[in-house]
file coords_3.pdb (PDB, C-alpha atoms and all ligand atoms)
ATOM      1  CA  MET A   1       9.541  10.064   4.351
ATOM      2  CA  ARG A   2       7.172   9.846   1.430
ATOM      3  CA  VAL A   3       4.010   7.916   2.274
ATOM      4  CA  LEU A   4       2.181   5.841  -0.347
ATOM      5  CA  SER A   5      -1.185   4.184   0.307
ATOM      6  CA  LEU A   6      -2.374   1.245  -1.759
ATOM      7  CA  ILE A   7      -6.099   1.164  -1.446
ATOM      8  CA  HIS A   8      -9.327  -0.050  -3.039
ATOM      9  CA  LEU A   9     -12.743  -0.885  -1.625
ATOM     10  CA  LYS A  10     -12.665  -4.179  -3.540
ATOM     11  CA  GLY A  11     -11.072  -7.294  -2.132
ATOM     12  CA  GLY A  12      -8.557  -9.452  -3.954
ATOM     13  CA  VAL A  13      -7.207  -6.841  -6.380
ATOM     14  CA  ALA A  14      -3.613  -7.390  -5.135
ATOM     15  CA  LYS A  15      -3.297  -4.497  -2.689
ATOM     16  CA  THR A  16      -1.232  -6.637  -0.317
ATOM     17  CA  LEU A  17       1.002  -8.315  -2.877
ATOM     18  CA  SER A  18       1.605  -4.974  -4.579
ATOM     19  CA  SER A  19       2.454  -3.294  -1.241
ATOM     20  CA  VAL A  20       4.846  -6.050  -0.176
ATOM     21  CA  ASN A  21       6.548  -6.321  -3.551
ATOM     22  CA  MET A  22       6.858  -2.572  -4.114
ATOM     23  CA  ALA A  23       8.297  -2.169  -0.600
ATOM     24  CA  TYR A  24      10.774  -5.007  -1.144
ATOM     25  CA  ILE A  25      11.887  -3.631  -4.524
ATOM     26  CA  LEU A  26      12.348  -0.100  -3.145
ATOM     27  CA  ALA A  27      14.589  -1.554  -0.418
ATOM     28  CA  ALA A  28      16.446  -4.309  -2.303
ATOM     29  CA  VAL A  29      16.817  -2.791  -5.781
ATOM     30  CA  HIS A  30      16.747   0.957  -5.081
ATOM     31  CA  LYS A  31      18.483   0.746  -1.675
ATOM     32  CA  LYS A  32      15.858   2.893   0.029
ATOM     33  CA  LYS A  33      14.948   2.748   3.699
ATOM     34  CA  VAL A  34      11.379   1.485   3.613
ATOM     35  CA  LEU A  35       8.675   1.039   6.210
ATOM     36  CA  LEU A  36       5.738  -1.212   5.291
ATOM     37  CA  MET A  37       2.621  -0.567   7.332
ATOM     38  CA  ASP A  38       0.067  -3.359   7.445
ATOM     39  CA  ASN A  39      -3.271  -1.602   7.896
ATOM     40  CA  ASP A  40      -5.555  -4.609   7.473
ATOM     41  CA  LYS A  41      -6.799  -6.839  10.295
ATOM     42  CA  GLN A  42      -6.211  -9.853   8.016
ATOM     43  CA  GLY A  43      -2.493  -9.224   8.578
ATOM     44  CA  ASN A  44      -1.537 -10.715   5.221
ATOM     45  CA  ALA A  45       1.426  -8.407   4.630
ATOM     46  CA  SER A  46       2.678  -9.273   8.127
ATOM     47  CA  LYS A  47       2.258 -12.979   7.344
ATOM     48  CA  ILE A  48       4.125 -12.796   4.022
ATOM     49  CA  LEU A  49       7.043 -11.112   5.803
ATOM     50  CA  ASN A  50       6.887 -13.648   8.659
ATOM     51  CA  ARG A  51       6.117 -11.126  11.372
ATOM     52  CA  HIS A  52       2.423 -11.779  12.152
ATOM     53  CA  SER A  53       1.896 -12.193  15.907
ATOM     54  CA  TYR A  54      -0.079 -11.015  18.938
ATOM     55  CA  ASP A  55       3.029 -10.531  21.083
ATOM     56  CA  ARG A  56       4.211  -7.207  19.740
ATOM     57  CA  PRO A  57       2.513  -3.810  19.368
ATOM     58  CA  GLY A  58       1.548  -2.841  15.844
ATOM     59  CA  VAL A  59      -0.878  -0.678  13.944
ATOM     60  CA  ALA A  60      -3.685  -1.160  16.506
ATOM     61  CA  GLU A  61      -1.513   0.349  19.232
ATOM     62  CA  ILE A  62      -0.626   3.317  17.010
ATOM     63  CA  LEU A  63      -4.345   4.043  16.724
ATOM     64  CA  THR A  64      -5.173   3.697  20.397
ATOM     65  CA  GLY A  65      -1.960   4.218  22.352
ATOM     66  CA  ARG A  66      -1.793   7.462  24.237
ATOM     67  CA  ASP A  67       1.733   8.928  24.202
ATOM     68  CA  MET A  68       2.688   5.941  22.034
ATOM     69  CA  ASP A  69       6.244   5.846  20.717
ATOM     70  CA  MET A  70       5.864   4.599  17.141
ATOM     71  CA  LYS A  71       9.419   3.223  17.198
ATOM     72  CA  GLU A  72       8.171   0.504  19.564
ATOM     73  CA  THR A  73       5.767  -0.761  16.910
ATOM     74  CA  ILE A  74       8.417  -1.157  14.198
ATOM     75  CA  GLN A  75      10.130  -4.490  13.539
ATOM     76  CA  HIS A  76      12.962  -5.338  11.196
ATOM     77  CA  THR A  77      12.144  -7.882   8.507
ATOM     78  CA  ASP A  78      14.543 -10.480   7.109
ATOM     79  CA  TYR A  79      15.394  -8.003   4.350
ATOM     80  CA  GLU A  80      17.894  -5.175   4.623
ATOM     81  CA  GLY A  81      16.295  -1.756   4.501
ATOM     82  CA  LEU A  82      12.748  -3.068   4.988
ATOM     83  CA  ASP A  83      10.935  -2.661   8.315
ATOM     84  CA  ILE A  84       7.309  -3.372   9.149
ATOM     85  CA  VAL A  85       4.453  -2.283  11.408
ATOM     86  CA  THR A  86       2.268  -5.374  11.719
ATOM     87  CA  ALA A  87      -1.496  -5.833  11.952
ATOM     88  CA  ASN A  88      -3.765  -8.462  13.433
ATOM     89  CA  MET A  89      -7.382  -8.824  14.541
ATOM     90  CA  ASN A  90      -6.754  -6.326  17.359
ATOM     91  CA  LEU A  91      -7.323  -3.687  14.691
ATOM     92  CA  ILE A  92     -11.084  -4.340  14.984
ATOM     93  CA  SER A  93     -11.309  -3.328  18.652
ATOM     94  CA  ALA A  94      -8.740  -0.556  18.152
ATOM     95  CA  SER A  95     -10.847   1.018  15.388
ATOM     96  CA  LEU A  96     -13.909   0.837  17.615
ATOM     97  CA  ALA A  97     -11.997   2.416  20.497
ATOM     98  CA  VAL A  98     -10.913   5.315  18.266
ATOM     99  CA  MET A  99     -14.511   5.895  17.201
ATOM    100  CA  LEU A 100     -15.609   6.080  20.837
ATOM    101  CA  ASP A 101     -12.746   8.321  21.937
ATOM    102  CA  GLN A 102     -13.859  11.866  21.265
ATOM    103  CA  LYS A 103     -11.141  13.416  23.406
ATOM    104  CA  ARG A 104      -8.340  13.226  20.849
ATOM    105  CA  PRO A 105      -8.436  13.808  17.090
ATOM    106  CA  GLN A 106      -9.518  10.518  15.486
ATOM    107  CA  GLN A 107      -8.313  10.833  11.908
ATOM    108  CA  THR A 108      -4.741  12.054  12.287
ATOM    109  CA  ARG A 109      -3.217   9.479  14.614
ATOM    110  CA  PHE A 110      -1.013   7.878  11.937
ATOM    111  CA  LYS A 111       0.067  11.310  10.777
ATOM    112  CA  LYS A 112       1.123  12.268  14.303
ATOM    113  CA  ALA A 113       2.960   8.961  14.781
ATOM    114  CA  PHE A 114       4.828   9.332  11.462
ATOM    115  CA  GLY A 115       6.275  12.577  12.808
ATOM    116  CA  GLN A 116       8.326  10.420  15.201
ATOM    117  CA  VAL A 117       9.928   8.173  12.571
ATOM    118  CA  GLY A 118       9.796  10.111   9.294
ATOM    119  CA  ASP A 119      13.504  10.969   9.380
ATOM    120  CA  ALA A 120      14.504   7.281   9.487
ATOM    121  CA  TYR A 121      12.827   6.254   6.207
ATOM    122  CA  ASP A 122      12.690   7.289   2.566
ATOM    123  CA  PHE A 123       9.332   5.641   1.918
ATOM    124  CA  CYS A 124       6.410   4.235   3.847
ATOM    125  CA  ILE A 125       3.961   1.992   2.008
ATOM    126  CA  ILE A 126       0.579   1.359   3.608
ATOM    127  CA  ASP A 127      -1.330  -1.806   2.694
ATOM    128  CA  ASN A 128      -4.982  -1.019   3.342
ATOM    129  CA  ALA A 129      -8.059  -3.158   3.964
ATOM    130  CA  PRO A 130     -10.817  -3.313   1.310
ATOM    131  CA  ASP A 131     -12.863  -0.789   3.244
ATOM    132  CA  ILE A 132     -13.247   2.831   4.216
ATOM    133  CA  ASN A 133     -13.046   2.959   7.986
ATOM    134  CA  ILE A 134     -11.215   4.941  10.627
ATOM    135  CA  SER A 135      -7.892   3.193   9.999
ATOM    136  CA  THR A 136      -8.023   3.703   6.213
ATOM    137  CA  ILE A 137      -9.006   7.357   6.743
ATOM    138  CA  ASN A 138      -5.987   7.665   9.058
ATOM    139  CA  ALA A 139      -3.873   6.211   6.235
ATOM    140  CA  LEU A 140      -5.200   8.704   3.685
ATOM    141  CA  ALA A 141      -4.745  11.593   6.097
ATOM    142  CA  ALA A 142      -1.088  10.576   6.551
ATOM    143  CA  SER A 143      -0.276   9.807   2.896
ATOM    144  CA  ASP A 144       1.360  11.841   0.156
ATOM    145  CA  ASP A 145       0.289   9.495  -2.643
ATOM    146  CA  VAL A 146      -2.438   6.989  -3.427
ATOM    147  CA  LEU A 147      -2.196   4.119  -5.908
ATOM    148  CA  VAL A 148      -5.197   1.923  -6.709
ATOM    149  CA  PRO A 149      -4.685  -1.634  -7.989
ATOM    150  CA  VAL A 150      -7.524  -2.816 -10.235
ATOM    151  CA  THR A 151      -8.386  -6.075 -11.948
ATOM    152  CA  VAL A 152     -10.064  -6.106 -15.349
ATOM    153  CA  ASP A 153     -13.373  -7.822 -14.888
ATOM    154  CA  ASP A 154     -16.993  -6.843 -15.155
ATOM    155  CA  PHE A 155     -16.684  -5.109 -11.776
ATOM    156  CA  ALA A 156     -13.448  -3.279 -12.604
ATOM    157  CA  ILE A 157     -14.715   0.193 -11.743
ATOM    158  CA  ASP A 158     -16.995  -0.785  -8.846
ATOM    159  CA  GLY A 159     -16.140   1.259  -5.788
ATOM    160  CA  LEU A 160     -13.764   3.606  -7.624
ATOM    161  CA  ALA A 161     -16.197   6.547  -7.550
ATOM    162  CA  GLU A 162     -16.727   6.135  -3.791
ATOM    163  CA  LEU A 163     -12.992   5.779  -3.203
ATOM    164  CA  LYS A 164     -12.244   8.877  -5.296
ATOM    165  CA  GLU A 165     -14.848  10.792  -3.283
ATOM    166  CA  GLN A 166     -13.208   9.741  -0.008
ATOM    167  CA  ILE A 167      -9.797  10.810  -1.324
ATOM    168  CA  ASP A 168     -11.283  14.201  -2.282
ATOM    169  CA  TYR A 169     -12.905  14.651   1.160
ATOM    170  CA  THR A 170      -9.639  13.747   2.878
ATOM    171  CA  ARG A 171      -7.755  16.230   0.700
ATOM    172  CA  GLU A 172     -10.264  18.993   1.471
ATOM    173  CA  ASP A 173     -10.544  18.395   5.212
ATOM    174  CA  LEU A 174      -7.326  16.816   6.423
ATOM    175  CA  ASN A 175      -4.532  16.585   3.899
ATOM    176  CA  PRO A 176      -4.416  19.204   1.103
ATOM    177  CA  SER A 177      -1.329  17.695  -0.569
ATOM    178  CA  LEU A 178      -2.769  14.174  -0.965
ATOM    179  CA  ARG A 179      -2.144  13.046  -4.556
ATOM    180  CA  PHE A 180      -4.138  10.440  -6.453
ATOM    181  CA  CYS A 181      -1.401   8.944  -8.666
ATOM    182  CA  GLY A 182      -3.822   6.657 -10.499
ATOM    183  CA  CYS A 183      -4.810   3.041 -10.988
ATOM    184  CA  PHE A 184      -2.717   0.137 -12.239
ATOM    185  CA  ILE A 185      -3.982  -3.166 -13.587
ATOM    186  CA  THR A 186      -3.006  -6.358 -11.784
ATOM    187  CA  GLN A 187      -3.382 -10.054 -12.607
ATOM    188  CA  TYR A 188      -3.478  -9.233 -16.311
ATOM    189  CA  ASP A 189      -3.475 -12.053 -18.850
ATOM    190  CA  ARG A 190      -2.183 -10.846 -22.226
ATOM    191  CA  GLN A 191      -3.442 -13.994 -23.969
ATOM    192  CA  ASN A 192      -6.971 -13.433 -22.758
ATOM    193  CA  GLU A 193      -9.205 -11.482 -25.141
ATOM    194  CA  ALA A 194     -11.519 -10.355 -22.314
ATOM    195  CA  ASP A 195      -8.543  -8.936 -20.387
ATOM    196  CA  ARG A 196      -7.328  -7.083 -23.482
ATOM    197  CA  GLN A 197     -10.788  -5.613 -24.078
ATOM    198  CA  GLY A 198     -11.139  -4.759 -20.384
ATOM    199  CA  MET A 199      -7.876  -2.804 -20.454
ATOM    200  CA  GLU A 200      -8.989  -0.895 -23.561
ATOM    201  CA  TYR A 201     -12.290  -0.136 -21.831
ATOM    202  CA  LEU A 202     -10.534   1.278 -18.774
ATOM    203  CA  LYS A 203      -8.254   3.389 -20.973
ATOM    204  CA  ALA A 204     -11.150   4.653 -23.108
ATOM    205  CA  LEU A 205     -13.208   5.462 -20.027
ATOM    206  CA  GLY A 206     -10.559   8.051 -19.166
ATOM    207  CA  GLU A 207     -12.236   8.732 -15.830
ATOM    208  CA  TYR A 208      -9.397   7.409 -13.710
ATOM    209  CA  PRO A 209      -5.738   7.930 -14.603
ATOM    210  CA  LEU A 210      -4.185   4.580 -15.534
ATOM    211  CA  LEU A 211      -0.467   3.923 -15.077
ATOM    212  CA  GLU A 212       1.428   2.577 -18.070
ATOM    213  CA  THR A 213       2.679  -0.418 -16.114
ATOM    214  CA  TYR A 214       0.400  -3.380 -15.602
ATOM    215  CA  ILE A 215       1.150  -6.504 -13.598
ATOM    216  CA  ARG A 216       0.894  -9.815 -15.405
ATOM    217  CA  ARG A 217      -0.908 -12.787 -13.917
ATOM    218  CA  THR A 218       1.581 -15.485 -13.030
ATOM    219  CA  GLY A 219       1.217 -18.973 -11.611
ATOM    220  CA  LYS A 220       4.204 -18.191  -9.368
ATOM    221  CA  MET A 221       2.341 -15.596  -7.311
ATOM    222  CA  LYS A 222       0.263 -17.899  -5.136
ATOM    223  CA  PRO A 223       3.199 -20.220  -4.313
ATOM    224  CA  SER A 224       5.276 -17.136  -3.446
ATOM    225  CA  THR A 225       2.735 -16.403  -0.686
ATOM    226  CA  PHE A 226       3.003 -19.975   0.647
ATOM    227  CA  ALA A 227       6.785 -19.614   0.572
ATOM    228  CA  ARG A 228       6.354 -16.214   2.290
ATOM    229  CA  GLU A 229       8.735 -14.501  -0.079
ATOM    230  CA  PRO A 230       8.555 -11.413  -2.271
ATOM    231  CA  ILE A 231       7.995 -12.487  -5.886
ATOM    232  CA  LEU A 232      11.412 -11.129  -6.896
ATOM    233  CA  LEU A 233      13.080 -13.662  -4.608
ATOM    234  CA  TYR A 234      10.714 -16.499  -5.391
ATOM    235  CA  SER A 235      10.892 -16.134  -9.161
ATOM    236  CA  SER A 236      13.045 -13.235 -10.303
ATOM    237  CA  ARG A 237      12.408 -13.878 -13.997
ATOM    238  CA  CYS A 238       8.623 -14.228 -14.036
ATOM    239  CA  GLY A 239       6.551 -11.529 -15.718
ATOM    240  CA  ALA A 240       5.140 -10.160 -12.452
ATOM    241  CA  SER A 241       8.646  -9.651 -11.011
ATOM    242  CA  ARG A 242       9.641  -7.615 -14.035
ATOM    243  CA  ASP A 243       6.343  -5.716 -13.948
ATOM    244  CA  TYR A 244       6.636  -4.817 -10.276
ATOM    245  CA  LYS A 245      10.147  -3.467 -10.924
ATOM    246  CA  ALA A 246       8.709  -1.355 -13.759
ATOM    247  CA  LEU A 247       5.855  -0.199 -11.516
ATOM    248  CA  VAL A 248       8.300   1.009  -8.860
ATOM    249  CA  GLU A 249      10.292   2.843 -11.521
ATOM    250  CA  GLU A 250       7.137   4.485 -12.875
ATOM    251  CA  TYR A 251       6.164   5.507  -9.343
ATOM    252  CA  LEU A 252       9.642   6.880  -8.579
ATOM    253  CA  LYS A 253       9.439   9.028 -11.712
ATOM    254  CA  MET A 254       6.295  10.568 -10.223
ATOM    255  CA  CYS A 255       8.243  11.722  -7.158
ATOM    256  CA  PRO A 256      11.620  12.797  -8.579
ATOM    257  CA  SER A 257      12.920  14.520  -5.453
ATOM    258  CA  TRP A 258      12.677  11.223  -3.558
ATOM    259  CA  THR A 259      14.679   9.228  -6.080
ATOM    260  CA  GLN A 260      17.992  10.581  -4.820
ATOM    261  CA  GLN A 261      19.449   8.894  -1.777
ATOM    262  CA  GLY A 262      18.198  10.534   1.390
ATOM    263  CA  GLY A 263      14.896  11.785   0.056
ATOM    264  CA  GLU A 264      13.969  15.337  -0.749
ATOM    265  CA  LYS A 265      16.509  18.079  -0.104
ATOM    266  CA  GLY A 266      15.413  19.952   2.962
ATOM    267  CA  GLY A 267      14.013  16.724   4.366
ATOM    268  CA  GLU A 268      10.319  17.473   4.570
ATOM    269  CA  THR A 269       8.723  14.715   6.568
ATOM    270  CA  LYS A 270       5.135  13.952   7.404
TER     271      LYS A 270
HETATM  272  N1  LIG A 301       0.141 -11.045 -10.549
HETATM  273  C1  LIG A 301      -0.603 -12.036 -10.032
HETATM  274  N2  LIG A 301      -0.684 -13.243 -10.653
HETATM  275  C2  LIG A 301      -1.441 -14.250 -10.154
HETATM  276  N3  LIG A 301      -2.161 -14.150  -9.032
HETATM  277  C3  LIG A 301      -2.129 -12.994  -8.357
HETATM  278  C4  LIG A 301      -1.360 -11.874  -8.813
HETATM  279  N4  LIG A 301      -1.526 -10.855  -7.948
HETATM  280  C5  LIG A 301      -2.355 -11.321  -6.997
HETATM  281  N5  LIG A 301      -2.724 -12.595  -7.235
HETATM  282  C6  LIG A 301      -3.613 -13.431  -6.407
HETATM  283  O1  LIG A 301      -4.682 -12.651  -5.966
HETATM  284  C7  LIG A 301      -4.988 -12.942  -4.616
HETATM  285  C8  LIG A 301      -5.279 -11.656  -3.876
HETATM  286  O2  LIG A 301      -4.086 -10.908  -3.740
HETATM  287  P1  LIG A 301      -3.913  -9.914  -2.504
HETATM  288  O3  LIG A 301      -4.077 -10.645  -1.225
HETATM  289  O4  LIG A 301      -2.671  -9.136  -2.696
HETATM  290  O5  LIG A 301      -5.192  -8.972  -2.743
HETATM  291  P2  LIG A 301      -5.793  -7.870  -1.774
HETATM  292  O6  LIG A 301      -6.363  -6.801  -2.641
HETATM  293  O7  LIG A 301      -4.773  -7.446  -0.772
HETATM  294  O8  LIG A 301      -6.952  -8.682  -1.042
HETATM  295  P3  LIG A 301      -7.781  -8.221   0.255
HETATM  296  O9  LIG A 301      -8.768  -7.216  -0.228
HETATM  297  O10 LIG A 301      -8.416  -9.481   0.766
HETATM  298  O11 LIG A 301      -6.810  -7.627   1.223
HETATM  299  C9  LIG A 301      -3.807 -13.696  -4.034
HETATM  300  O12 LIG A 301      -4.254 -14.916  -3.522
HETATM  301  C10 LIG A 301      -2.863 -13.930  -5.164
HETATM  302  O13 LIG A 301      -2.570 -15.290  -5.288
HETATM  303 MG    MG A 302      -4.846  -7.433   1.304
END

call {"tool": "encode", "arguments": {"input": "coords_3.pdb", "output": "structure tokens", "more": "lines below"}}
Ligand SMILES: Nc1ncnc2c1ncn2[C@@H]1O[C@H](COP(=O)(O)OP(=O)(O)OP(=O)(O)O)[C@@H](O)[C@H]1O
Ligand SMILES: [Mg+2]
result
Amino acid sequence: MRVLSLIHLKGGVAKTLSSVNMAYILAAVHKKKVLLMDNDKQGNASKILNRHSYDRPGVAEILTGRDMDMKETIQHTDYEGLDIVTANMNLISASLAVMLDQKRPQQTRFKKAFGQVGDAYDFCIIDNAPDINISTINALAASDDVLVPVTVDDFAIDGLAELKEQIDYTREDLNPSLRFCGCFITQYDRQNEADRQGMEYLKALGEYPLLETYIRRTGKMKPSTFAREPILLYSSRCGASRDYKALVEEYLKMCPSWTQQGGEKGGETK
């Protein structure tokens, strides 16, 4: 199982919609077995996939549960090949409990849990909260790859330096193979001069690798969340649907050994 974290300290940059849509496309278009992990107390990814509840264990229980079987936290979605670990407000008290529990390692609980299910999936995508806290550090410690969605506005690079630093610390202390794949622009309006200039600025800055694919702003995105559907189902022909398919292809090219059915030969799992 290859684990990809979508993360940024900023809110509203499309971490959740990118996680949900990339996960859906990997499952529906590329026929991969995909696990989506909602790692945000807002539970938006769980809501979009119609699985948000307080009745079933989810990410909070993975953090706190002693001798927890991760399989018990996984639910099927309505889509073939796509399963989910849900999140809700219980993540607040779970994160606090982890911080107070000095008896067991605090930062590698996701990593340990993934050992139980890694063989069943090709990819796991983690939708993170706009924060660095114990659950996002657990995500980074358990990830192979990191992608950072950004919007082009005056605050485009706010928080990126701090995020990069956290990724570097995690690589040094907990997860030497963690790879920062780069940033990709979301909610981009090609007709808007400020957006065009903002993209050029980010490219010229050269400080953070920028993926070739960007995601266009579309009026269909918000209604797709009300309809609780991946954008590809809600409006297969809109620009963002095409862009998310291109984004998944660009990402798959970055991990060639996972593009064949069944993942990497030899089956290394984390
Ligand atoms: N391509 C797009 N076109 C138009 N609107 C978009 C697009 N992508 C995202 N949005 C809008 O941006 C808002 C934020 O998206 P999303 O919830 O995915 O961001 P987030 O980074 O996960 O936010 P948070 O930090 O609160 O978790 C959504 O309400 C959505 O309607
Ligand atoms: Mg979100």

call {"tool": "residues_near_point", "arguments": {"input": "coords_3.pdb", "point": "(-15.8, -4.8, -12.8)", "cutoff": "12 Å", "atoms": "all atoms listed in the file", "output": "list in words"}}
result
Lys10, Gly11, Val13, Val150, Thr151, Val152, Asp153, Asp154, Phe155, Ala156, Ile157, Asp158, Gly159, Leu160, Ile185, Ala194, Asp195, Gly198, Met199, Tyr201 and Leu202 of chain A

call {"tool": "write_last_selection", "arguments": {"input": "coords_3.pdb", "atoms": "C-alpha atoms", "output": "PDB file, in the coordinates of the input"}}
result
ATOM      1  CA  LYS A  10     -12.665  -4.179  -3.540  1.00  0.00           C
ATOM      2  CA  GLY A  11     -11.072  -7.294  -2.132  1.00  0.00           C
ATOM      3  CA  VAL A  13      -7.207  -6.841  -6.380  1.00  0.00           C
ATOM      4  CA  VAL A 150      -7.524  -2.816 -10.235  1.00  0.00           C
ATOM      5  CA  THR A 151      -8.386  -6.075 -11.948  1.00  0.00           C
ATOM      6  CA  VAL A 152     -10.064  -6.106 -15.349  1.00  0.00           C
ATOM      7  CA  ASP A 153     -13.373  -7.822 -14.888  1.00  0.00           C
ATOM      8  CA  ASP A 154     -16.993  -6.843 -15.155  1.00  0.00           C
ATOM      9  CA  PHE A 155     -16.684  -5.109 -11.776  1.00  0.00           C
ATOM     10  CA  ALA A 156     -13.448  -3.279 -12.604  1.00  0.00           C
ATOM     11  CA  ILE A 157     -14.715   0.193 -11.743  1.00  0.00           C
ATOM     12  CA  ASP A 158     -16.995  -0.785  -8.846  1.00  0.00           C
ATOM     13  CA  GLY A 159     -16.140   1.259  -5.788  1.00  0.00           C
ATOM     14  CA  LEU A 160     -13.764   3.606  -7.624  1.00  0.00           C
ATOM     15  CA  ILE A 185      -3.982  -3.166 -13.587  1.00  0.00           C
ATOM     16  CA  ALA A 194     -11.519 -10.355 -22.314  1.00  0.00           C
ATOM     17  CA  ASP A 195      -8.543  -8.936 -20.387  1.00  0.00           C
ATOM     18  CA  GLY A 198     -11.139  -4.759 -20.384  1.00  0.00           C
ATOM     19  CA  MET A 199      -7.876  -2.804 -20.454  1.00  0.00           C
ATOM     20  CA  TYR A 201     -12.290  -0.136 -21.831  1.00  0.00           C
ATOM     21  CA  LEU A 202     -10.534   1.278 -18.774  1.00  0.00           C
TER      22      LEU A 202
END

call {"tool": "residues_around", "arguments": {"input": "coords_3.pdb", "residues": "region 31-34 of chain A", "least_positions_apart": "2", "cutoff": "12 Å", "atoms": "all atoms listed in the file", "output": "PDB file with C-alpha atoms, keeping the file's coordinate frame"}}
result
ATOM      1  CA  MET A   1       9.541  10.064   4.351  1.00  0.00           C
ATOM      2  CA  ARG A   2       7.172   9.846   1.430  1.00  0.00           C
ATOM      3  CA  VAL A   3       4.010   7.916   2.274  1.00  0.00           C
ATOM      4  CA  LEU A   4       2.181   5.841  -0.347  1.00  0.00           C
ATOM      5  CA  SER A  19       2.454  -3.294  -1.241  1.00  0.00           C
ATOM      6  CA  VAL A  20       4.846  -6.050  -0.176  1.00  0.00           C
ATOM      7  CA  ASN A  21       6.548  -6.321  -3.551  1.00  0.00           C
ATOM      8  CA  MET A  22       6.858  -2.572  -4.114  1.00  0.00           C
ATOM      9  CA  ALA A  23       8.297  -2.169  -0.600  1.00  0.00           C
ATOM     10  CA  TYR A  24      10.774  -5.007  -1.144  1.00  0.00           C
ATOM     11  CA  ILE A  25      11.887  -3.631  -4.524  1.00  0.00           C
ATOM     12  CA  LEU A  26      12.348  -0.100  -3.145  1.00  0.00           C
ATOM     13  CA  ALA A  27      14.589  -1.554  -0.418  1.00  0.00           C
ATOM     14  CA  ALA A  28      16.446  -4.309  -2.303  1.00  0.00           C
ATOM     15  CA  VAL A  29      16.817  -2.791  -5.781  1.00  0.00           C
ATOM     16  CA  LEU A  36       5.738  -1.212   5.291  1.00  0.00           C
ATOM     17  CA  MET A  37       2.621  -0.567   7.332  1.00  0.00           C
ATOM     18  CA  ILE A  74       8.417  -1.157  14.198  1.00  0.00           C
ATOM     19  CA  GLN A  75      10.130  -4.490  13.539  1.00  0.00           C
ATOM     20  CA  HIS A  76      12.962  -5.338  11.196  1.00  0.00           C
ATOM     21  CA  THR A  77      12.144  -7.882   8.507  1.00  0.00           C
ATOM     22  CA  TYR A  79      15.394  -8.003   4.350  1.00  0.00           C
ATOM     23  CA  GLU A  80      17.894  -5.175   4.623  1.00  0.00           C
ATOM     24  CA  GLY A  81      16.295  -1.756   4.501  1.00  0.00           C
ATOM     25  CA  LEU A  82      12.748  -3.068   4.988  1.00  0.00           C
ATOM     26  CA  ASP A  83      10.935  -2.661   8.315  1.00  0.00           C
ATOM     27  CA  ILE A  84       7.309  -3.372   9.149  1.00  0.00           C
ATOM     28  CA  VAL A  85       4.453  -2.283  11.408  1.00  0.00           C
ATOM     29  CA  VAL A 117       9.928   8.173  12.571  1.00  0.00           C
ATOM     30  CA  GLY A 118       9.796  10.111   9.294  1.00  0.00           C
ATOM     31  CA  ASP A 119      13.504  10.969   9.380  1.00  0.00           C
ATOM     32  CA  ALA A 120      14.504   7.281   9.487  1.00  0.00           C
ATOM     33  CA  TYR A 121      12.827   6.254   6.207  1.00  0.00           C
ATOM     34  CA  ASP A 122      12.690   7.289   2.566  1.00  0.00           C
ATOM     35  CA  PHE A 123       9.332   5.641   1.918  1.00  0.00           C
ATOM     36  CA  CYS A 124       6.410   4.235   3.847  1.00  0.00           C
ATOM     37  CA  ILE A 125       3.961   1.992   2.008  1.00  0.00           C
ATOM     38  CA  ILE A 126       0.579   1.359   3.608  1.00  0.00           C
ATOM     39  CA  VAL A 248       8.300   1.009  -8.860  1.00  0.00           C
ATOM     40  CA  LEU A 252       9.642   6.880  -8.579  1.00  0.00           C
ATOM     41  CA  TRP A 258      12.677  11.223  -3.558  1.00  0.00           C
ATOM     42  CA  THR A 259      14.679   9.228  -6.080  1.00  0.00           C
ATOM     43  CA  GLN A 260      17.992  10.581  -4.820  1.00  0.00           C
ATOM     44  CA  GLN A 261      19.449   8.894  -1.777  1.00  0.00           C
ATOM     45  CA  GLY A 262      18.198  10.534   1.390  1.00  0.00           C
ATOM     46  CA  GLY A 263      14.896  11.785   0.056  1.00  0.00           C
TER      47      GLY A 263
END

call {"tool": "axis_aligned_box", "arguments": {"input": "coords_3.pdb", "around": "region 122-137 of chain A", "padding_each_side": "4 Å", "output": "lines of an AutoDock Vina configuration file"}}
result
center_x = -0.3
center_y = 2.0
center_z = 6.0
size_x = 33.9
size_y = 18.7
size_z = 17.3

call {"tool": "atom_distance", "arguments": {"input": "coords_3.pdb", "atom1": "CA of Lys164 (chain A)", "atom2": "CA of Pro149 (chain A)"}}
result
13.2 Å

call {"tool": "closest_residue", "arguments": {"input": "coords_3.pdb", "among": "A:Ser241, A:Gln116, A:Gln102, A:Ser135", "to": "Asp69 (chain A)", "atoms": "only C-alpha atoms"}}
result
A:Gln116

call {"tool": "atom_distance", "arguments": {"input": "coords_3.pdb", "atom1": "CA of Leu49 (chain A)", "atom2": "atom P3 of ligand LIG 301 (chain A)"}}
result
16.1 Å

call {"tool": "residues_near_point", "arguments": {"input": "coords_3.pdb", "point": "(0.4, 12.0, 12.3)", "cutoff": "12 Å", "atoms": "all atoms listed in the file", "output": "PyMOL selection string"}}
result
chain A and resi 3+62-63+68-70+105-118+137-143+174-175+269-270

call {"tool": "closest_residue", "arguments": {"input": "coords_3.pdb", "among": "A:Thr64, A:Thr218, A:Ser257, A:Ser5", "to": "Arg190 (chain A)", "atoms": "all atoms listed in the file"}}
result
A:Thr218

call {"tool": "closest_residue", "arguments": {"input": "coords_3.pdb", "among": "A:Arg217, A:Gly239, A:Leu232, A:Pro223", "to": "ligand LIG 301 (chain A)", "atoms": "only C-alpha atoms and all ligand atoms"}}
result
A:Arg217

call {"tool": "closest_residue", "arguments": {"input": "coords_3.pdb", "among": "A:Lys253, A:Arg216, A:Arg237, A:Lys245", "to": "ligand LIG 301 (chain A)", "atoms": "only C-alpha atoms and all ligand atoms"}}
result
A:Arg216
